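Okay, data_24.txt is below, compact mmCIF, C-alpha atoms:
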```txt
# COMPACT_ATOMS: atom_id res chain seq x y z
CA MET A 106 53.27 113.54 -120.86
CA ILE A 107 55.34 112.17 -123.77
CA LEU A 108 58.42 113.77 -122.23
CA HIS A 109 57.67 112.12 -118.88
CA PHE A 110 57.11 108.78 -120.50
CA GLY A 111 60.35 109.21 -122.42
CA LEU A 112 62.09 109.80 -119.10
CA PHE A 113 60.84 106.45 -117.75
CA LEU A 114 61.93 104.68 -120.91
CA GLY A 115 65.30 106.42 -120.86
CA PHE A 116 65.97 105.30 -117.30
CA GLN A 117 64.89 101.77 -118.15
CA LEU A 118 67.34 101.83 -121.04
CA MET A 119 70.11 103.04 -118.75
CA GLY A 120 69.20 100.33 -116.26
CA GLU A 121 69.34 97.64 -118.96
CA ALA A 122 72.71 98.93 -120.16
CA ILE A 123 74.17 98.97 -116.64
CA ALA A 124 72.82 95.48 -115.92
CA ARG A 125 74.57 94.18 -119.06
CA ILE A 126 77.81 96.08 -118.59
CA PHE A 127 78.29 94.98 -114.99
CA ALA A 128 76.60 91.58 -115.49
CA LEU A 129 74.20 92.30 -112.59
CA ARG A 130 71.45 89.86 -111.68
CA LEU A 131 68.97 92.69 -111.16
CA PRO A 132 66.54 93.47 -113.98
CA GLY A 133 67.14 96.71 -115.92
CA PRO A 134 63.87 98.39 -114.83
CA VAL A 135 64.74 97.92 -111.13
CA ILE A 136 68.14 99.57 -111.68
CA GLY A 137 66.42 102.31 -113.70
CA MET A 138 64.00 102.88 -110.84
CA ILE A 139 66.84 103.26 -108.33
CA LEU A 140 68.63 105.73 -110.64
CA LEU A 141 65.48 107.78 -111.19
CA ALA A 142 64.84 107.86 -107.43
CA VAL A 143 68.36 109.25 -106.92
CA LEU A 144 67.71 111.91 -109.57
CA LEU A 145 64.40 112.93 -107.99
CA LEU A 146 65.93 113.18 -104.52
CA THR A 147 68.61 115.52 -105.84
CA ARG A 148 66.26 117.43 -108.23
CA PRO A 149 62.83 117.59 -106.53
CA LYS A 150 61.51 119.89 -109.28
CA ILE A 151 61.59 117.02 -111.75
CA GLY A 152 59.63 114.92 -109.27
CA THR A 153 56.92 117.55 -108.98
CA ALA A 154 56.72 117.77 -112.77
CA ILE A 155 56.30 114.04 -113.39
CA GLU A 156 54.25 113.16 -110.32
CA LYS A 157 50.86 113.32 -112.05
CA THR A 158 51.93 111.21 -115.03
CA ALA A 159 53.48 108.59 -112.74
CA THR A 160 50.46 108.39 -110.45
CA GLY A 161 48.09 108.02 -113.41
CA PHE A 162 50.30 105.36 -114.95
CA LEU A 163 50.70 103.39 -111.72
CA SER A 164 46.97 103.44 -111.01
CA HIS A 165 46.66 100.97 -113.93
CA LEU A 166 49.55 98.77 -112.85
CA SER A 167 47.18 95.76 -112.59
CA LEU A 168 46.42 95.86 -116.31
CA LEU A 169 50.07 95.32 -117.19
CA TYR A 170 50.09 91.88 -115.54
CA VAL A 171 47.20 90.54 -117.60
CA PRO A 172 49.15 89.33 -120.69
CA ALA A 173 51.67 87.37 -118.61
CA GLY A 174 48.85 86.09 -116.41
CA VAL A 175 47.02 84.64 -119.38
CA GLY A 176 50.23 82.72 -120.11
CA ILE A 177 49.52 80.46 -117.12
CA VAL A 178 47.25 78.45 -119.45
CA GLN A 179 50.40 77.25 -121.14
CA TYR A 180 51.60 75.56 -117.97
CA LEU A 181 48.26 73.99 -117.06
CA ASP A 182 49.23 70.67 -118.66
CA GLN A 183 52.53 70.29 -116.83
CA VAL A 184 51.00 71.54 -113.61
CA SER A 185 48.02 69.17 -113.49
CA GLU A 186 49.70 66.45 -111.38
CA ILE A 187 51.59 68.74 -109.07
CA GLY A 188 48.86 71.40 -109.05
CA LEU A 189 47.45 70.68 -105.62
CA PRO A 190 50.73 70.68 -103.66
CA LEU A 191 51.84 73.79 -105.54
CA ALA A 192 48.56 75.56 -104.79
CA VAL A 193 48.78 74.70 -101.08
CA ALA A 194 52.42 75.85 -100.96
CA LEU A 195 51.62 79.14 -102.73
CA VAL A 196 48.56 80.01 -100.64
CA GLY A 197 50.23 78.96 -97.38
CA SER A 198 53.52 80.72 -97.99
CA THR A 199 51.91 83.92 -99.29
CA VAL A 200 49.67 84.20 -96.22
CA LEU A 201 52.58 83.45 -93.87
CA ALA A 202 54.95 85.86 -95.64
CA ILE A 203 52.50 88.79 -95.60
CA ALA A 204 51.69 88.13 -91.94
CA ALA A 205 55.38 87.79 -91.00
CA GLY A 206 56.35 90.99 -92.80
CA ALA A 207 53.47 93.08 -91.47
CA LEU A 208 53.75 91.85 -87.87
CA THR A 209 57.52 92.34 -87.88
CA PHE A 210 57.06 95.90 -89.12
CA LYS A 211 54.46 96.57 -86.45
CA TYR A 212 56.37 95.11 -83.50
CA VAL A 213 59.76 96.53 -84.45
CA ASN A 214 58.06 99.91 -84.66
CA ARG A 215 56.60 99.32 -81.23
CA LEU A 216 60.00 98.32 -79.83
CA LEU A 217 61.35 101.60 -81.17
CA GLY A 218 58.50 103.39 -79.43
CA VAL A 219 57.00 104.77 -82.66
CA ALA A 220 53.23 105.03 -82.88
CA ASP A 221 51.29 103.35 -85.69
CA GLU A 222 50.50 105.67 -88.55
CA THR A 223 47.23 106.22 -90.40
CA PRO A 224 44.99 103.72 -88.62
CA LEU A 225 41.97 102.59 -90.62
CA MET B 30 30.15 89.58 -149.06
CA THR B 31 32.88 88.16 -146.87
CA ASP B 32 31.87 85.51 -144.41
CA ILE B 33 31.93 86.50 -140.76
CA LEU B 34 34.30 83.62 -140.02
CA ASP B 35 36.73 84.96 -142.59
CA ILE B 36 36.72 88.33 -140.91
CA TRP B 37 37.25 86.66 -137.54
CA SER B 38 40.14 84.54 -138.74
CA TYR B 39 41.69 87.60 -140.35
CA LEU B 40 41.41 89.64 -137.15
CA ALA B 41 42.37 86.76 -134.85
CA GLU B 42 45.74 86.51 -136.59
CA GLY B 43 46.45 90.21 -136.11
CA GLN B 44 47.63 92.21 -133.11
CA LEU B 45 44.80 94.71 -132.87
CA LEU B 46 42.11 92.24 -131.80
CA TRP B 47 44.04 90.76 -128.87
CA LEU B 48 45.37 94.09 -127.70
CA THR B 49 41.84 95.50 -127.69
CA LEU B 50 40.41 92.43 -125.97
CA THR B 51 43.09 92.65 -123.27
CA LEU B 52 41.94 96.18 -122.47
CA VAL B 53 38.26 95.20 -122.68
CA ALA B 54 38.79 92.21 -120.35
CA TYR B 55 40.57 94.46 -117.86
CA LEU B 56 37.79 97.06 -118.02
CA VAL B 57 35.23 94.31 -117.39
CA GLY B 58 37.35 93.18 -114.42
CA GLU B 59 37.51 96.76 -113.12
CA GLY B 60 33.75 97.11 -113.60
CA CYS B 61 33.10 93.92 -111.60
CA PHE B 62 35.48 95.16 -108.90
CA ARG B 63 33.55 98.45 -108.60
CA LEU B 64 30.12 96.78 -108.77
CA ALA B 65 31.14 94.39 -106.01
CA GLY B 66 31.98 97.34 -103.76
CA ARG B 67 35.78 97.02 -104.25
CA LYS B 68 35.93 93.64 -102.53
CA PRO B 69 39.50 92.25 -102.62
CA PHE B 70 38.49 88.81 -103.92
CA VAL B 71 36.96 90.43 -107.02
CA ASN B 72 40.42 91.09 -108.42
CA PRO B 73 40.49 92.82 -111.85
CA VAL B 74 43.65 90.97 -112.99
CA LEU B 75 42.16 87.61 -112.04
CA ILE B 76 38.87 88.32 -113.82
CA ALA B 77 40.65 89.56 -116.98
CA MET B 78 42.93 86.49 -116.92
CA ILE B 79 39.99 84.10 -116.65
CA LEU B 80 37.98 85.86 -119.38
CA LEU B 81 40.89 85.85 -121.83
CA THR B 82 41.89 82.28 -120.98
CA VAL B 83 38.36 81.07 -121.70
CA LEU B 84 38.26 83.09 -124.90
CA LEU B 85 41.57 81.62 -126.12
CA LYS B 86 40.30 78.11 -125.38
CA VAL B 87 36.93 78.65 -127.06
CA THR B 88 38.45 80.22 -130.18
CA ASP B 89 41.35 77.73 -130.19
CA THR B 90 43.88 80.55 -130.31
CA ALA B 91 47.52 79.90 -129.41
CA TYR B 92 48.99 81.92 -126.55
CA SER B 93 51.78 83.07 -128.86
CA THR B 94 49.18 84.59 -131.24
CA TYR B 95 47.49 86.30 -128.32
CA PHE B 96 50.79 87.61 -126.99
CA GLU B 97 51.67 89.16 -130.38
CA GLY B 98 48.96 91.72 -129.64
CA ALA B 99 49.13 91.79 -125.84
CA GLN B 100 52.91 92.36 -125.79
CA PHE B 101 52.35 96.12 -126.04
CA VAL B 102 50.65 96.07 -122.66
CA HIS B 103 53.23 93.64 -121.27
CA PHE B 104 56.03 95.93 -122.42
CA MET B 105 54.74 98.73 -120.18
CA LEU B 106 55.78 96.76 -117.08
CA GLY B 107 59.33 98.05 -117.59
CA PRO B 108 58.59 101.80 -117.57
CA ALA B 109 55.98 101.24 -114.83
CA THR B 110 58.67 99.71 -112.60
CA VAL B 111 60.86 102.76 -113.28
CA ALA B 112 57.89 105.03 -112.44
CA LEU B 113 57.77 103.51 -108.93
CA ALA B 114 60.66 105.89 -108.21
CA VAL B 115 58.10 108.71 -108.04
CA PRO B 116 56.02 107.43 -105.06
CA LEU B 117 59.33 106.40 -103.45
CA TRP B 118 60.54 110.01 -103.79
CA SER B 119 57.29 111.63 -102.66
CA ASN B 120 57.16 109.37 -99.57
CA TRP B 121 60.89 109.66 -98.88
CA GLN B 122 60.51 111.17 -95.41
CA LYS B 123 58.19 108.36 -94.35
CA VAL B 124 60.56 105.81 -95.86
CA LYS B 125 63.54 107.21 -93.96
CA ASP B 126 61.55 107.29 -90.72
CA ALA B 127 60.54 103.67 -91.18
CA ALA B 128 63.91 102.32 -92.37
CA VAL B 129 64.48 100.03 -89.38
CA PRO B 130 61.06 98.32 -89.27
CA MET B 131 61.15 98.07 -93.08
CA LEU B 132 64.45 96.23 -93.15
CA ALA B 133 63.31 93.89 -90.37
CA ALA B 134 60.04 93.24 -92.21
CA LEU B 135 61.93 92.67 -95.46
CA LEU B 136 64.15 90.00 -93.91
CA ALA B 137 61.21 88.31 -92.16
CA GLY B 138 58.88 88.44 -95.17
CA SER B 139 61.47 87.34 -97.70
CA PHE B 140 62.78 84.45 -95.60
CA VAL B 141 59.32 83.22 -94.57
CA ALA B 142 58.16 83.34 -98.22
CA MET B 143 61.00 81.06 -99.33
CA ALA B 144 61.15 78.76 -96.31
CA SER B 145 57.41 78.20 -95.94
CA ALA B 146 56.87 77.57 -99.67
CA VAL B 147 59.63 74.96 -99.70
CA ALA B 148 58.54 73.38 -96.40
CA ILE B 149 54.89 73.08 -97.45
CA GLY B 150 55.82 71.91 -100.94
CA ALA B 151 58.15 69.23 -99.56
CA ALA B 152 55.54 68.11 -97.03
CA PHE B 153 53.12 67.59 -99.93
CA GLY B 154 55.59 65.49 -101.86
CA LEU B 155 57.25 68.01 -104.21
CA ARG B 156 60.88 67.30 -105.01
CA GLY B 157 63.78 68.41 -107.15
CA ASP B 158 63.45 71.12 -109.77
CA VAL B 159 59.75 71.69 -109.06
CA LEU B 160 60.51 72.38 -105.39
CA LEU B 161 63.39 74.67 -106.34
CA SER B 162 61.08 76.61 -108.66
CA LEU B 163 59.10 77.67 -105.57
CA VAL B 164 62.05 79.45 -103.93
CA PRO B 165 61.94 82.79 -105.83
CA LYS B 166 58.14 82.95 -106.28
CA SER B 167 57.68 86.13 -104.22
CA ALA B 168 60.15 88.13 -106.32
CA THR B 169 59.07 90.08 -109.40
CA SER B 170 59.13 87.85 -112.49
CA PRO B 171 62.36 88.98 -114.27
CA VAL B 172 64.34 88.45 -111.06
CA ALA B 173 62.55 85.18 -110.29
CA ILE B 174 63.42 83.78 -113.73
CA GLY B 175 67.09 84.58 -113.26
CA VAL B 176 67.12 83.09 -109.76
CA ALA B 177 65.29 79.94 -110.92
CA GLU B 178 67.91 79.42 -113.62
CA ALA B 179 70.74 79.97 -111.16
CA ILE B 180 69.50 77.50 -108.53
CA GLY B 181 68.29 74.76 -110.88
CA GLY B 182 64.55 75.42 -110.91
CA LEU B 183 62.29 75.51 -113.97
CA PRO B 184 62.08 79.13 -115.23
CA THR B 185 58.78 78.67 -117.11
CA LEU B 186 57.10 77.09 -114.09
CA THR B 187 58.54 79.85 -111.90
CA VAL B 188 56.83 82.54 -114.02
CA ALA B 189 53.46 80.88 -113.44
CA LEU B 190 54.17 80.49 -109.70
CA VAL B 191 55.19 84.14 -109.43
CA LEU B 192 51.99 85.37 -111.09
CA ILE B 193 49.74 83.09 -109.05
CA THR B 194 51.51 84.24 -105.87
CA GLY B 195 50.78 87.85 -106.85
CA VAL B 196 47.10 87.16 -107.38
CA ILE B 197 46.83 85.22 -104.10
CA GLY B 198 48.57 88.07 -102.27
CA ALA B 199 46.30 90.70 -103.82
CA VAL B 200 43.21 88.73 -102.85
CA VAL B 201 44.16 87.75 -99.28
CA THR B 202 46.10 90.75 -98.04
CA THR B 203 43.25 93.03 -96.89
CA PRO B 204 41.20 90.42 -94.96
CA LEU B 205 44.40 88.82 -93.60
CA LEU B 206 45.86 92.06 -92.25
CA ASN B 207 42.50 93.07 -90.80
CA ALA B 208 42.31 89.71 -89.05
CA ILE B 209 45.76 89.96 -87.47
CA GLY B 210 45.23 93.60 -86.52
CA VAL B 211 47.89 95.40 -88.57
CA ARG B 212 46.40 98.80 -89.37
CA ASP B 213 49.44 100.86 -90.31
CA TYR B 214 49.31 101.43 -94.07
CA ARG B 215 53.10 101.41 -94.31
CA ALA B 216 53.29 97.94 -92.74
CA ARG B 217 50.35 96.66 -94.78
CA GLY B 218 51.69 97.89 -98.10
CA PHE B 219 55.28 96.93 -97.46
CA ALA B 220 54.52 93.34 -96.42
CA THR B 221 52.25 92.94 -99.45
CA GLY B 222 54.93 94.19 -101.85
CA VAL B 223 57.58 91.90 -100.34
CA ALA B 224 55.37 88.79 -100.52
CA ALA B 225 53.36 89.50 -103.68
CA HIS B 226 55.53 91.81 -105.85
CA GLY B 227 53.81 93.96 -108.50
CA ILE B 228 50.35 92.43 -108.42
CA GLY B 229 50.29 92.95 -104.65
CA THR B 230 51.59 96.48 -105.23
CA ALA B 231 48.81 97.17 -107.73
CA ARG B 232 46.32 96.05 -105.08
CA ALA B 233 47.95 98.32 -102.48
CA PHE B 234 47.65 101.31 -104.83
CA GLN B 235 43.92 100.53 -105.16
CA VAL B 236 43.57 100.82 -101.41
CA GLN B 237 45.74 103.82 -100.51
CA GLY B 238 48.64 105.88 -101.82
CA THR B 239 51.07 105.38 -98.94
CA ALA B 240 50.35 101.65 -98.93
CA GLY B 241 51.09 101.59 -102.66
CA ALA B 242 54.37 103.47 -102.28
CA PHE B 243 55.56 101.15 -99.51
CA ALA B 244 54.46 98.10 -101.50
CA GLY B 245 56.54 99.30 -104.45
CA ILE B 246 59.57 99.67 -102.18
CA GLY B 247 58.91 96.22 -100.69
CA MET B 248 58.79 94.71 -104.16
CA VAL B 249 62.07 96.31 -105.24
CA LEU B 250 63.90 95.45 -102.02
CA ASN B 251 62.70 91.86 -102.14
CA ALA B 252 63.81 91.60 -105.77
CA ILE B 253 67.31 92.56 -104.65
CA LEU B 254 67.26 90.37 -101.53
CA THR B 255 65.89 87.29 -103.34
CA ALA B 256 68.63 87.55 -105.97
CA LEU B 257 71.20 87.56 -103.17
CA LEU B 258 69.56 85.24 -100.64
CA ALA B 259 68.01 82.46 -102.75
CA PRO B 260 71.30 80.77 -103.79
CA ILE B 261 72.52 80.84 -100.16
CA PHE B 262 69.16 79.55 -98.92
CA VAL B 263 69.29 76.62 -101.35
CA GLN B 264 72.85 75.73 -100.33
CA LEU B 265 72.03 75.82 -96.63
CA PHE B 266 68.62 74.16 -96.54
CA MET B 267 68.07 72.08 -99.67
```
What does the file become when written as structure tokens?
Amino acid sequence: MILHFGLFLGFQLMGEAIARIFALRLPGPVIGMILLAVLLLTRPKIGTAIEKTATGFLSHLSLLYVPAGVGIVQYLDQVSEIGLPLAVALVGSTVLAIAAGALTFKYVNRLLGVADETPL
Amino acid sequence: MTDILDIWSYLAEGQLLWLTLTLVAYLVGEGCFRLAGRKPFVNPVLIAMILLTVLLKVTDTAYSTYFEGAQFVHFMLGPATVALAVPLWSNWQKVKDAAVPMLAALLAGSFVAMASAVAIGAAFGLRGDVLLSLVPKSATSPVAIGVAEAIGGLPTLTVALVLITGVIGAVVTTPLLNAIGVRDYRARGFATGVAAHGIGTARAFQVQGTAGAFAGIGMVLNAILTALLAPIFVQLFM
């Protein structure tokens, strides 16, 4: 468990270092994730070993957004005048983007003649 | 005997209280979510955010004081992002099989997120740096901050827009996708991750493992694409 967690931190650290060295715009954790994925694909045994820790960790992903979410209070003052147009833009664009992505996935799959997977 | 207010003011200045209350607020949110029969609009993050926001207001606590304690939870976002490699690996065959529809959905979702946010914002009178702050709002927050800086948006406003987008996505995705008849968990998860980054991904993991894995991939791919596409989008359309 500690070892697994150390592995995630180690890859994050590598990601941060690579982002700095090559002045990449991607955040360190995203680079770390890509590197870890490459490792797991070449060494599946490591994947099997850390799978349980990762699944348990990710099942509480929501919790990790709470501190930053509470920070929205800080912007409430500046947002008050422009709040309504921003809210409409966010709701509208999020609905449209999810619909566009999901429908594109579905119809491209259909064009390719692949059946839908795991229907509800 | 020490006054209860003294004890409170002692604890309220420390990290332990706010760290504990962050976990408690989340557990209350989770409890509500379960009690409500796992309805998507009873979102644990949203409930915890509201509870803590009210508490900070009532106790007149500065966000910076709160964050001193809550930063330990916030810090975990980094290793959690790295851990998304594991569902990516365990679903690798499915990912390879779905590479073409995924890339098409990524382009569509990413572009529609940017274009529709800017179009709606402009139609409602938003201009300048506020409008530009909307462009990267579907990307995960560290990427969105960098993009906002690069294109002349307001990074602090962008963080708020990113988080609110995530909560909206987590709340609307299930009823929306049911309404438009997309049943495939890969499509559902992926589109949610592209449009609503980590908070959407957290929601997808609540629903189903494959959906969660595809949402994580959608989030990562859209982080990369937004970093590349947003500056070009702004040059072409704004």
Excluding A:Ser167 and its own-chain neighbours fewer than 6 positions away, which residues fall within 9 Å of it when counting only C-alpha atoms? Please give them as a short mmCIF file (atom, residue, chain, number, x, y, z; two decimals) with C-alpha atoms, keeping the file's coordinate frame.
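Done, and the output landed in out.cif:
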```
data_model
loop_
_atom_site.label_atom_id
_atom_site.label_comp_id
_atom_site.auth_asym_id
_atom_site.auth_seq_id
_atom_site.Cartn_x
_atom_site.Cartn_y
_atom_site.Cartn_z
CA TYR B 55 40.57 94.46 -117.86
CA PRO B 73 40.49 92.82 -111.85
CA VAL B 74 43.65 90.97 -112.99
CA GLY B 227 53.81 93.96 -108.50
CA ILE B 228 50.35 92.43 -108.42
CA GLY B 229 50.29 92.95 -104.65
CA THR B 230 51.59 96.48 -105.23
CA ALA B 231 48.81 97.17 -107.73
CA ARG B 232 46.32 96.05 -105.08
#
```
Restricting the calculation to all atoms listed in the file: of B:Ala127, B:Leu136, B:Ala114, B:Ala244, which residue gets closest to chain A?
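Closest to chain A of all the choices is B:Ala114.
Nearest residue to A:Phe210 among B:Tyr214, B:Phe140, B:Phe234, B:Phe70 is B:Tyr214, counting all atoms listed in the file.
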Compile the contact shell of stretch 150-162 of chain A as a PyMOL selection string: residues with an atom at most 12 Å away, counting all atoms listed in the file, same-chain residues fewer than 4 positions apart removed.
(chain A and resi 106-113+141-146+166-169) or (chain B and resi 105-121+231+234-235+237-239+241-242)
Which one is closest to chain B: A:Leu114, A:Leu129, A:Leu217, A:Leu181? Count all atoms listed in the file.
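Using all atoms listed in the file, chain B sits closest to A:Leu114.
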Work out where the centre of an axis-aligned box around every listed atom of stretch 236-244 of chain B lies and how long its edges are once 4 Å is added on each side; give both in Å to one decimal as lines of an AutoDock Vina configuration file.
```
center_x = 49.6
center_y = 102.0
center_z = -100.8
size_x = 20.0
size_y = 15.8
size_z = 11.7
```
Find the spatial neighbours of B:Leu186, counting only C-alpha atoms, within a cut-off of 8 Å - ignore same-chain residues fewer than 3 positions away - and output them as a list in words.
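With the cut-off at 8 Å, the set is Tyr180 of chain A; Val159, Ser162, Leu183, Ala189 and Leu190 of chain B.
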If we count all atoms listed in the file, what is near stretch 87-95 of chain B at a cut-off of 7 Å, once residues fewer than 3 positions away on the same chain are taken out, given as a ChimeraX atom specification?
/A:176 /B:42,47,83-84,98-99
